[in-house]
>>> print(open('my_file26.txt').read())   # compact mmCIF, C-alpha atoms
# COMPACT_ATOMS: atom_id res chain seq x y z
CA MET A 1042 2.97 -15.45 -24.18
CA THR A 1043 2.39 -18.03 -21.46
CA ALA A 1044 2.08 -16.53 -17.99
CA LYS A 1045 4.62 -17.75 -15.46
CA ARG A 1046 3.03 -18.94 -12.25
CA ARG A 1047 6.24 -18.53 -10.23
CA LEU A 1048 6.15 -14.79 -10.99
CA GLY A 1049 2.44 -14.48 -10.18
CA GLN A 1050 1.66 -13.27 -13.71
CA HIS A 1051 -1.94 -12.47 -14.66
CA PHE A 1052 -2.15 -10.17 -17.68
CA LEU A 1053 -4.91 -7.56 -17.68
CA THR A 1054 -6.55 -7.57 -21.12
CA ASP A 1055 -9.63 -5.33 -20.87
CA PRO A 1056 -8.76 -2.04 -22.68
CA SER A 1057 -11.47 -0.03 -20.91
CA ILE A 1058 -10.08 -0.99 -17.51
CA LEU A 1059 -6.53 -0.20 -18.62
CA GLY A 1060 -7.64 3.28 -19.61
CA ARG A 1061 -9.44 3.82 -16.32
CA ILE A 1062 -6.31 2.86 -14.36
CA ALA A 1063 -4.26 5.40 -16.33
CA ASP A 1064 -6.98 8.01 -15.72
CA ALA A 1065 -6.90 7.27 -11.98
CA LEU A 1066 -3.13 7.89 -11.91
CA ASP A 1067 -3.63 11.13 -13.87
CA PRO A 1068 0.04 11.97 -14.62
CA ARG A 1069 0.69 15.70 -14.69
CA PRO A 1070 3.29 17.77 -16.54
CA GLY A 1071 6.73 17.26 -15.05
CA GLU A 1072 5.85 14.00 -13.27
CA THR A 1073 7.76 10.83 -14.15
CA VAL A 1074 5.61 7.70 -14.31
CA LEU A 1075 7.12 4.56 -12.77
CA GLU A 1076 5.29 1.37 -13.72
CA ILE A 1077 5.86 -1.81 -11.73
CA GLY A 1078 5.55 -5.03 -13.73
CA PRO A 1079 4.43 -3.89 -17.21
CA GLY A 1080 3.95 -7.47 -18.39
CA ARG A 1081 3.21 -7.33 -22.11
CA GLY A 1082 2.90 -3.55 -22.12
CA ALA A 1083 -0.88 -3.20 -22.18
CA LEU A 1084 -1.11 -0.66 -19.34
CA THR A 1085 2.23 0.83 -20.41
CA ARG A 1086 0.70 1.99 -23.70
CA HIS A 1087 -2.10 3.82 -21.91
CA LEU A 1088 0.30 5.40 -19.42
CA ALA A 1089 2.64 6.51 -22.21
CA GLN A 1090 -0.19 8.42 -23.88
CA ARG A 1091 -0.61 10.50 -20.70
CA SER A 1092 2.98 11.02 -19.56
CA GLY A 1093 6.12 12.79 -20.66
CA ARG A 1094 8.55 10.25 -19.19
CA LEU A 1095 7.75 6.62 -18.42
CA ILE A 1096 10.00 4.07 -16.70
CA ALA A 1097 8.86 0.44 -16.46
CA ILE A 1098 10.48 -2.18 -14.20
CA GLU A 1099 10.08 -5.75 -15.44
CA ARG A 1100 11.56 -8.82 -13.77
CA ASP A 1101 10.80 -11.29 -16.56
CA ALA A 1102 13.60 -11.06 -19.15
CA ASP A 1103 11.37 -12.69 -21.77
CA LEU A 1104 8.95 -9.74 -21.57
CA ILE A 1105 11.53 -6.97 -21.92
CA PRO A 1106 11.60 -7.01 -25.78
CA VAL A 1107 7.81 -7.31 -25.84
CA VAL A 1108 7.36 -4.12 -23.81
CA ARG A 1109 10.03 -2.27 -25.74
CA GLN A 1110 8.36 -3.13 -29.02
CA ALA A 1111 4.90 -2.22 -27.69
CA VAL A 1112 6.02 1.12 -26.23
CA PRO A 1113 9.28 2.27 -27.88
CA ASP A 1114 9.39 5.52 -25.89
CA ALA A 1115 9.33 3.79 -22.50
CA GLU A 1116 12.52 3.27 -20.50
CA VAL A 1117 12.29 -0.42 -19.70
CA VAL A 1118 14.50 -1.63 -16.84
CA GLU A 1119 15.08 -5.31 -16.19
CA GLY A 1120 15.14 -6.15 -12.49
CA ASP A 1121 13.24 -6.88 -9.30
CA ALA A 1122 11.15 -3.89 -8.19
CA LEU A 1123 11.70 -4.91 -4.56
CA GLU A 1124 15.47 -4.66 -4.93
CA LEU A 1125 15.99 -1.74 -7.32
CA ASP A 1126 16.31 1.82 -5.99
CA TRP A 1127 13.30 3.60 -7.49
CA HIS A 1128 14.65 7.02 -6.66
CA ASP A 1129 17.87 6.38 -8.56
CA LEU A 1130 15.76 5.43 -11.57
CA VAL A 1131 13.43 8.44 -11.57
CA GLY A 1132 16.05 10.98 -10.50
CA GLN A 1133 15.05 14.42 -9.27
CA GLY A 1134 11.54 15.77 -9.52
CA PRO A 1135 8.05 14.44 -8.77
CA PHE A 1136 6.98 10.96 -9.78
CA VAL A 1137 3.92 8.73 -9.64
CA VAL A 1138 3.69 4.94 -9.47
CA ALA A 1139 1.31 2.45 -11.07
CA GLY A 1140 1.16 -1.28 -11.53
CA ASN A 1141 -0.71 -4.55 -11.67
CA ILE A 1142 0.86 -6.03 -8.54
CA PRO A 1143 1.43 -9.79 -8.19
CA TYR A 1144 -0.46 -11.03 -5.17
CA ASN A 1145 2.60 -12.74 -3.69
CA ILE A 1146 4.61 -9.51 -3.25
CA THR A 1147 1.86 -7.05 -2.36
CA SER A 1148 2.86 -6.31 1.26
CA PRO A 1149 6.60 -5.73 0.74
CA LEU A 1150 5.93 -3.71 -2.40
CA LEU A 1151 3.49 -1.43 -0.58
CA GLU A 1152 6.03 -0.88 2.18
CA LYS A 1153 8.73 -0.01 -0.35
CA ALA A 1154 6.38 2.29 -2.28
CA LEU A 1155 5.61 4.29 0.87
CA THR A 1156 9.22 4.70 1.98
CA PRO A 1157 10.42 8.33 1.63
CA PRO A 1158 11.01 10.17 -0.58
CA LEU A 1159 7.42 9.50 -1.52
CA PRO A 1160 5.70 9.62 -4.91
CA GLU A 1161 2.87 12.07 -5.51
CA ARG A 1162 0.33 9.29 -6.09
CA LEU A 1163 0.21 5.52 -6.39
CA VAL A 1164 -2.39 3.49 -8.26
CA PHE A 1165 -2.22 -0.28 -7.85
CA LEU A 1166 -4.34 -3.15 -9.07
CA LEU A 1167 -4.47 -5.52 -6.10
CA GLN A 1168 -6.26 -8.55 -4.78
CA ARG A 1169 -9.72 -7.40 -3.65
CA GLU A 1170 -9.26 -8.71 -0.11
CA VAL A 1171 -6.06 -6.69 0.36
CA GLY A 1172 -7.53 -3.58 -1.24
CA ASP A 1173 -10.55 -3.73 1.06
CA ARG A 1174 -8.27 -3.92 4.10
CA ILE A 1175 -6.18 -0.97 2.91
CA ALA A 1176 -9.17 1.35 2.53
CA ALA A 1177 -11.25 0.02 5.45
CA ALA A 1178 -12.87 2.39 7.94
CA PRO A 1179 -12.52 2.05 11.74
CA GLY A 1180 -14.96 -0.39 13.29
CA THR A 1181 -15.44 -2.47 10.15
CA LYS A 1182 -14.57 -6.15 9.86
CA THR A 1183 -11.71 -5.52 7.41
CA TYR A 1184 -10.12 -2.69 9.41
CA GLY A 1185 -6.82 -3.78 10.89
CA ALA A 1186 -3.11 -3.15 11.29
CA LEU A 1187 -2.60 -2.85 7.52
CA SER A 1188 -5.37 -0.22 7.30
CA VAL A 1189 -3.89 1.86 10.11
CA GLY A 1190 -0.32 1.53 8.91
CA LEU A 1191 -1.07 2.73 5.39
CA GLN A 1192 -3.67 5.35 6.32
CA SER A 1193 -1.17 6.93 8.74
CA VAL A 1194 1.02 7.88 5.79
CA ALA A 1195 -1.41 8.10 2.86
CA ARG A 1196 -5.03 8.73 1.93
CA ALA A 1197 -6.43 5.45 0.62
CA GLU A 1198 -9.26 5.26 -1.92
CA THR A 1199 -10.98 2.36 -3.64
CA VAL A 1200 -11.27 3.47 -7.27
CA PHE A 1201 -13.18 0.55 -8.81
CA PRO A 1202 -13.40 -3.26 -8.67
CA VAL A 1203 -12.03 -5.52 -11.41
CA SER A 1204 -13.49 -8.97 -12.07
CA ALA A 1205 -11.35 -12.06 -12.55
CA GLY A 1206 -12.58 -12.30 -16.14
CA ALA A 1207 -10.56 -9.20 -17.11
CA PHE A 1208 -7.30 -11.19 -16.78
CA TYR A 1209 -5.48 -13.91 -18.64
CA PRO A 1210 -5.03 -16.41 -17.18
CA ARG A 1211 -8.06 -15.93 -14.98
CA PRO A 1212 -7.06 -15.63 -11.29
CA LYS A 1213 -9.00 -17.32 -8.51
CA VAL A 1214 -9.66 -14.01 -6.76
CA GLU A 1215 -11.33 -10.71 -7.55
CA SER A 1216 -9.28 -7.52 -7.77
CA VAL A 1217 -9.62 -3.81 -7.07
CA VAL A 1218 -7.87 -0.61 -8.10
CA ILE A 1219 -6.57 1.39 -5.12
CA ARG A 1220 -5.21 4.95 -5.16
CA LEU A 1221 -2.84 6.08 -2.42
CA THR A 1222 -2.01 9.77 -1.99
CA PRO A 1223 0.80 10.33 0.56
CA LEU A 1224 -0.05 12.73 3.37
CA ALA A 1225 2.07 15.84 3.78
CA PRO A 1226 3.11 15.54 6.50
CA PRO A 1227 2.33 11.91 7.43
CA LEU A 1228 0.58 11.28 10.73
CA VAL A 1229 3.55 9.30 11.99
CA GLY A 1230 7.18 10.28 11.48
CA ALA A 1231 9.86 8.02 10.07
CA GLU A 1232 11.56 7.73 13.47
CA GLU A 1233 8.29 6.58 15.06
CA ARG A 1234 7.27 3.97 12.51
CA GLY A 1235 8.91 0.98 14.20
CA ARG A 1236 7.24 1.57 17.56
CA PHE A 1237 4.01 2.60 15.87
CA ARG A 1238 3.86 -0.67 13.95
CA ALA A 1239 4.61 -2.63 17.12
CA LEU A 1240 1.82 -0.88 19.03
CA VAL A 1241 -0.79 -1.20 16.29
CA THR A 1242 0.00 -4.85 15.60
CA ALA A 1243 -0.11 -5.72 19.28
CA LEU A 1244 -3.40 -3.93 19.91
CA PHE A 1245 -5.07 -5.55 16.91
CA SER A 1246 -4.06 -8.95 18.24
CA ALA A 1247 -6.60 -8.12 20.97
CA ARG A 1248 -8.92 -6.09 18.75
CA ARG A 1249 -12.15 -7.04 20.55
CA LYS A 1250 -10.92 -6.39 24.06
CA GLN A 1251 -11.39 -3.06 25.78
CA VAL A 1252 -8.45 -0.86 24.87
CA SER A 1253 -7.49 -0.49 28.54
CA ARG A 1254 -7.16 -4.26 28.95
CA ALA A 1255 -5.37 -4.65 25.63
CA LEU A 1256 -2.94 -1.88 26.52
CA ARG A 1257 -2.12 -3.46 29.89
CA GLN A 1258 -1.30 -6.64 28.01
CA VAL A 1259 0.89 -4.79 25.51
CA THR A 1260 2.81 -2.62 27.98
CA GLY A 1261 2.82 -4.73 31.13
CA TRP A 1262 1.84 -1.61 33.04
CA PRO A 1263 -0.56 -1.43 36.01
CA ALA A 1264 -4.09 -0.21 35.45
CA GLU A 1265 -3.37 3.25 36.87
CA GLN A 1266 -0.54 3.94 34.43
CA VAL A 1267 -2.57 2.70 31.49
CA ALA A 1268 -5.50 4.90 32.57
CA GLN A 1269 -3.13 7.88 32.63
CA ALA A 1270 -1.97 7.15 29.09
CA LEU A 1271 -5.51 6.79 27.78
CA GLU A 1272 -6.68 9.97 29.50
CA GLY A 1273 -3.76 11.87 28.00
CA ALA A 1274 -4.70 10.58 24.55
CA GLY A 1275 -8.37 11.51 25.05
CA LEU A 1276 -9.51 7.90 24.61
CA ASP A 1277 -12.33 6.03 26.30
CA PRO A 1278 -10.85 3.01 28.11
CA MET A 1279 -13.97 1.04 27.15
CA GLN A 1280 -13.28 1.43 23.42
CA ARG A 1281 -11.97 -1.47 21.41
CA PRO A 1282 -8.73 -1.15 19.40
CA GLU A 1283 -10.63 -1.86 16.18
CA THR A 1284 -12.55 1.42 16.58
CA LEU A 1285 -9.53 3.71 16.93
CA ARG A 1286 -8.70 6.01 14.01
CA PRO A 1287 -5.11 6.15 12.71
CA GLY A 1288 -4.59 9.57 14.30
CA GLU A 1289 -5.75 8.23 17.67
CA PHE A 1290 -3.17 5.44 17.48
CA VAL A 1291 -0.51 8.08 16.83
CA THR A 1292 -1.61 10.21 19.78
CA LEU A 1293 -1.68 7.13 22.00
CA LEU A 1294 1.81 6.11 20.90
CA ARG A 1295 3.28 9.51 21.73
CA GLY A 1296 1.63 9.51 25.13
CA LEU A 1297 3.00 6.05 25.89
CA VAL A 1298 6.51 7.10 24.85
CA ASP A 1299 6.29 10.19 27.07
CA LEU A 1300 5.44 7.87 29.97
CA GLY A 1301 8.45 5.68 29.25
CA TRP A 1302 7.19 2.91 26.92
CA GLN A 1303 10.05 1.49 24.87
CA GLY A 1304 7.94 -0.17 22.19
CA ARG A 1305 8.71 -3.79 23.02
>>> encode(input="my_file26.txt", output="structure tokens")
Amino acid sequence: MTAKRRLGQHFLTDPSILGRIADALDPRPGETVLEIGPGRGALTRHLAQRSGRLIAIERDADLIPVVRQAVPDAEVVEGDALELDWHDLVGQGPFVVAGNIPYNITSPLLEKALTPPLPERLVFLLQREVGDRIAAAPGTKTYGALSVGLQSVARAETVFPVSAGAFYPRPKVESVVIRLTPLAPPLVGAEERGRFRALVTALFSARRKQVSRALRQVTGWPAEQVAQALEGAGLDPMQRPETLRPGEFVTLLRGLVDLGWQGR
């Protein structure tokens, strides 16, 4: 079938890579597998061999009969993965998520995937640039707000890279397989996530400034109040935001809130 550019379709065709993705997800007894964007069913077949129950969400109506024929035991649901309620689909019990994610919906899909109640594991094939940012370590060039946001709720691992030649049609970018394992409990609570995101995004907009200067810019507070917040969080005012670990951002946020910061 011809890939549809408007849907960001690039079909993974290398069987060895498909098997390695299914191995990385490692479905366990009692876990429902939810696949996002099965395409022509290539990864679906490998996942079905390792799972008891498999649900696949496909937006392209033309591909629905293709997947159903390729994997008769799969529950194939037509719809937009960004709009459907995943938890209604999987029902009660643990579930895991996998998919070859179109580059144009990566960010909103990651946010949806990490909205409670959380899956046990997620394995996504993503654009290499995005995958590198997700798993980046503090102080590196690719470490940023996306890294902190995701690593505050999940452990992020780069599983293996995937070359453009493994797809049809061939994309213009390289890809990578990322595994996310939600933290129990997450570093930041659901009620804190809005202010946490605001703080992290604002500080990374001044990532190379000293954190004391960046924090004065973010809060509008005088130097003395900022120094109090940093001391309470155990942070060196000379540090740069790009060197702070996710847990340090969380500690800083809570100290700021205790001192009256409203997160605006």
>>> closest_residue(input="my_file26.txt", among="A:Ala1063, A:Leu1240, A:Ile1098, A:Ala1270", to="Pro1079 of chain A", atoms="all atoms listed in the file")
A:Ile1098
>>> residues_around(input="my_file26.txt", residues="segment 1229-1232 of chain A", least_positions_apart="4", cutoff="9 Å", atoms="all atoms listed in the file", output="PDB file with C-alpha atoms, in the coordinates of the input")
ATOM      1  CA  THR A1156       9.220   4.700   1.980  1.00  0.00           C
ATOM      2  CA  PRO A1157      10.420   8.330   1.630  1.00  0.00           C
ATOM      3  CA  SER A1193      -1.170   6.930   8.740  1.00  0.00           C
ATOM      4  CA  VAL A1194       1.020   7.880   5.790  1.00  0.00           C
ATOM      5  CA  ARG A1236       7.240   1.570  17.560  1.00  0.00           C
ATOM      6  CA  PHE A1237       4.010   2.600  15.870  1.00  0.00           C
ATOM      7  CA  GLY A1288      -4.590   9.570  14.300  1.00  0.00           C
ATOM      8  CA  VAL A1291      -0.510   8.080  16.830  1.00  0.00           C
TER       9      VAL A1291
END
>>> atom_distance(input="my_file26.txt", atom1="atom CA of Thr1199 of chain A", atom2="atom CA of Trp1127 of chain A")
24.6 Å
>>> atom_distance(input="my_file26.txt", atom1="atom CA of Ala1274 of chain A", atom2="atom CA of Leu1294 of chain A")
8.7 Å
>>> closest_residue(input="my_file26.txt", among="A:Ala1225, A:Leu1163, A:Ala1154, A:Ile1142", to="Pro1068 of chain A", atoms="all atoms listed in the file")
A:Leu1163
>>> atom_distance(input="my_file26.txt", atom1="atom CA of Glu1116 of chain A", atom2="atom CA of Ala1097 of chain A")
6.1 Å
>>> residues_near_point(input="my_file26.txt", point="(-5.5, -1.5, 0.4)", cutoff="9 Å", atoms="all atoms listed in the file", output="count of residues only")
23
>>> residues_around(input="my_file26.txt", residues="His1128 of chain A", least_positions_apart="6", cutoff="12 Å", atoms="all atoms listed in the file", output="PDB file with C-alpha atoms, in the coordinates of the input")
ATOM      1  CA  THR A1073       7.760  10.830 -14.150  1.00  0.00           C
ATOM      2  CA  VAL A1074       5.610   7.700 -14.310  1.00  0.00           C
ATOM      3  CA  LEU A1075       7.120   4.560 -12.770  1.00  0.00           C
ATOM      4  CA  ILE A1096      10.000   4.070 -16.700  1.00  0.00           C
ATOM      5  CA  ALA A1122      11.150  -3.890  -8.190  1.00  0.00           C
ATOM      6  CA  GLY A1134      11.540  15.770  -9.520  1.00  0.00           C
ATOM      7  CA  PRO A1135       8.050  14.440  -8.770  1.00  0.00           C
ATOM      8  CA  PHE A1136       6.980  10.960  -9.780  1.00  0.00           C
ATOM      9  CA  VAL A1137       3.920   8.730  -9.640  1.00  0.00           C
ATOM     10  CA  VAL A1138       3.690   4.940  -9.470  1.00  0.00           C
ATOM     11  CA  LYS A1153       8.730  -0.010  -0.350  1.00  0.00           C
ATOM     12  CA  ALA A1154       6.380   2.290  -2.280  1.00  0.00           C
ATOM     13  CA  THR A1156       9.220   4.700   1.980  1.00  0.00           C
ATOM     14  CA  PRO A1157      10.420   8.330   1.630  1.00  0.00           C
ATOM     15  CA  PRO A1158      11.010  10.170  -0.580  1.00  0.00           C
ATOM     16  CA  LEU A1159       7.420   9.500  -1.520  1.00  0.00           C
ATOM     17  CA  PRO A1160       5.700   9.620  -4.910  1.00  0.00           C
TER      18      PRO A1160
END
>>> closest_residue(input="my_file26.txt", among="A:Thr1260, A:Ser1216, A:Ser1057, A:Gln1303", to="Ala1083 of chain A", atoms="only C-alpha atoms")
A:Ser1057
>>> residues_around(input="my_file26.txt", residues="segment 1263-1266 of chain A", least_positions_apart="6", cutoff="10 Å", atoms="all atoms listed in the file", output="list in words")
Ser1253, Arg1254, Leu1256, Arg1257, Glu1272, Leu1297 and Leu1300 of chain A
>>> residues_around(input="my_file26.txt", residues="Lys1250 of chain A", least_positions_apart="3", cutoff="9 Å", atoms="only C-alpha atoms", output="ChimeraX atom specification")
/A:1244,1247,1253-1255,1279-1282
>>> closest_residue(input="my_file26.txt", among="A:Arg1248, A:Arg1162, A:Arg1196, A:Arg1295", to="Arg1234 of chain A", atoms="only C-alpha atoms")
A:Arg1295
>>> axis_aligned_box(input="my_file26.txt", around="segment 1260-1265 of chain A", padding_each_side="3 Å", output="AutoDock Vina command-line options")
--center_x -0.6 --center_y -0.7 --center_z 32.4 --size_x 12.9 --size_y 14.0 --size_z 14.9
>>> closest_residue(input="my_file26.txt", among="A:Val1203, A:Leu1095, A:Ile1146, A:Leu1224", to="Ile1058 of chain A", atoms="all atoms listed in the file")
A:Val1203
>>> closest_residue(input="my_file26.txt", among="A:Leu1123, A:Asp1129, A:Thr1183, A:Ala1139", to="Leu1088 of chain A", atoms="all atoms listed in the file")
A:Ala1139
>>> residues_near_point(input="my_file26.txt", point="(-1.3, 12.2, -2.9)", cutoff="6 Å", atoms="all atoms listed in the file", output="ChimeraX atom specification")
/A:1161-1162,1222-1223
>>> build_atoms(input="my_file26.txt", residues="segment 1118-1140 of chain A", atoms="N, CA, C and O atoms", output="compact mmCIF listing (two decimals), keeping the file's coordinate frame")
# COMPACT_ATOMS: atom_id res chain seq x y z
N VAL A 1118 13.38 -1.19 -17.68
CA VAL A 1118 14.50 -1.63 -16.84
C VAL A 1118 14.25 -3.06 -16.40
O VAL A 1118 13.20 -3.37 -15.84
N GLU A 1119 15.21 -3.93 -16.65
CA GLU A 1119 15.08 -5.31 -16.19
C GLU A 1119 15.57 -5.41 -14.75
O GLU A 1119 16.65 -4.96 -14.41
N GLY A 1120 14.74 -6.00 -13.88
CA GLY A 1120 15.14 -6.15 -12.49
C GLY A 1120 13.96 -6.40 -11.59
O GLY A 1120 12.80 -6.39 -12.02
N ASP A 1121 14.25 -6.62 -10.33
CA ASP A 1121 13.24 -6.88 -9.30
C ASP A 1121 12.86 -5.54 -8.66
O ASP A 1121 13.72 -4.86 -8.08
N ALA A 1122 11.60 -5.18 -8.74
CA ALA A 1122 11.15 -3.89 -8.19
C ALA A 1122 11.37 -3.80 -6.69
O ALA A 1122 11.47 -2.69 -6.14
N LEU A 1123 11.46 -4.93 -6.00
CA LEU A 1123 11.70 -4.91 -4.56
C LEU A 1123 13.16 -4.60 -4.23
O LEU A 1123 13.47 -4.18 -3.12
N GLU A 1124 14.05 -4.84 -5.19
CA GLU A 1124 15.47 -4.66 -4.93
C GLU A 1124 16.04 -3.38 -5.55
O GLU A 1124 16.99 -2.80 -5.03
N LEU A 1125 15.48 -2.93 -6.65
CA LEU A 1125 15.99 -1.74 -7.32
C LEU A 1125 15.68 -0.48 -6.50
O LEU A 1125 14.67 -0.42 -5.79
N ASP A 1126 16.54 0.52 -6.63
CA ASP A 1126 16.31 1.82 -5.99
C ASP A 1126 15.47 2.67 -6.94
O ASP A 1126 15.97 3.16 -7.95
N TRP A 1127 14.21 2.85 -6.61
CA TRP A 1127 13.30 3.60 -7.49
C TRP A 1127 13.75 5.04 -7.66
O TRP A 1127 13.61 5.62 -8.74
N HIS A 1128 14.29 5.61 -6.61
CA HIS A 1128 14.65 7.02 -6.66
C HIS A 1128 15.87 7.26 -7.55
O HIS A 1128 15.98 8.31 -8.19
N ASP A 1129 16.76 6.28 -7.61
CA ASP A 1129 17.87 6.38 -8.56
C ASP A 1129 17.35 6.34 -9.99
O ASP A 1129 17.90 7.01 -10.88
N LEU A 1130 16.31 5.56 -10.22
CA LEU A 1130 15.76 5.43 -11.57
C LEU A 1130 15.06 6.71 -12.02
O LEU A 1130 15.26 7.18 -13.14
N VAL A 1131 14.23 7.27 -11.16
CA VAL A 1131 13.43 8.44 -11.57
C VAL A 1131 14.22 9.74 -11.47
O VAL A 1131 13.89 10.72 -12.15
N GLY A 1132 15.26 9.76 -10.63
CA GLY A 1132 16.05 10.98 -10.50
C GLY A 1132 15.31 12.06 -9.72
O GLY A 1132 14.42 11.78 -8.91
N GLN A 1133 15.66 13.30 -9.97
CA GLN A 1133 15.05 14.42 -9.27
C GLN A 1133 13.66 14.71 -9.85
O GLN A 1133 13.37 14.40 -10.99
N GLY A 1134 12.85 15.36 -9.05
CA GLY A 1134 11.54 15.77 -9.52
C GLY A 1134 10.44 14.82 -9.07
O GLY A 1134 10.69 13.70 -8.61
N PRO A 1135 9.19 15.26 -9.22
CA PRO A 1135 8.05 14.44 -8.77
C PRO A 1135 7.84 13.22 -9.65
O PRO A 1135 8.16 13.22 -10.83
N PHE A 1136 7.29 12.16 -9.02
CA PHE A 1136 6.98 10.96 -9.78
C PHE A 1136 5.72 10.31 -9.22
O PHE A 1136 5.32 10.57 -8.09
N VAL A 1137 5.11 9.48 -10.04
CA VAL A 1137 3.92 8.73 -9.64
C VAL A 1137 4.17 7.26 -9.99
O VAL A 1137 5.01 6.94 -10.84
N VAL A 1138 3.44 6.38 -9.33
CA VAL A 1138 3.69 4.94 -9.47
C VAL A 1138 2.39 4.22 -9.81
O VAL A 1138 1.33 4.53 -9.24
N ALA A 1139 2.47 3.26 -10.72
CA ALA A 1139 1.31 2.45 -11.07
C ALA A 1139 1.75 1.02 -11.30
O ALA A 1139 2.93 0.76 -11.59
N GLY A 1140 0.81 0.09 -11.22
CA GLY A 1140 1.16 -1.28 -11.53
C GLY A 1140 0.07 -2.27 -11.21
O GLY A 1140 -0.78 -2.04 -10.35
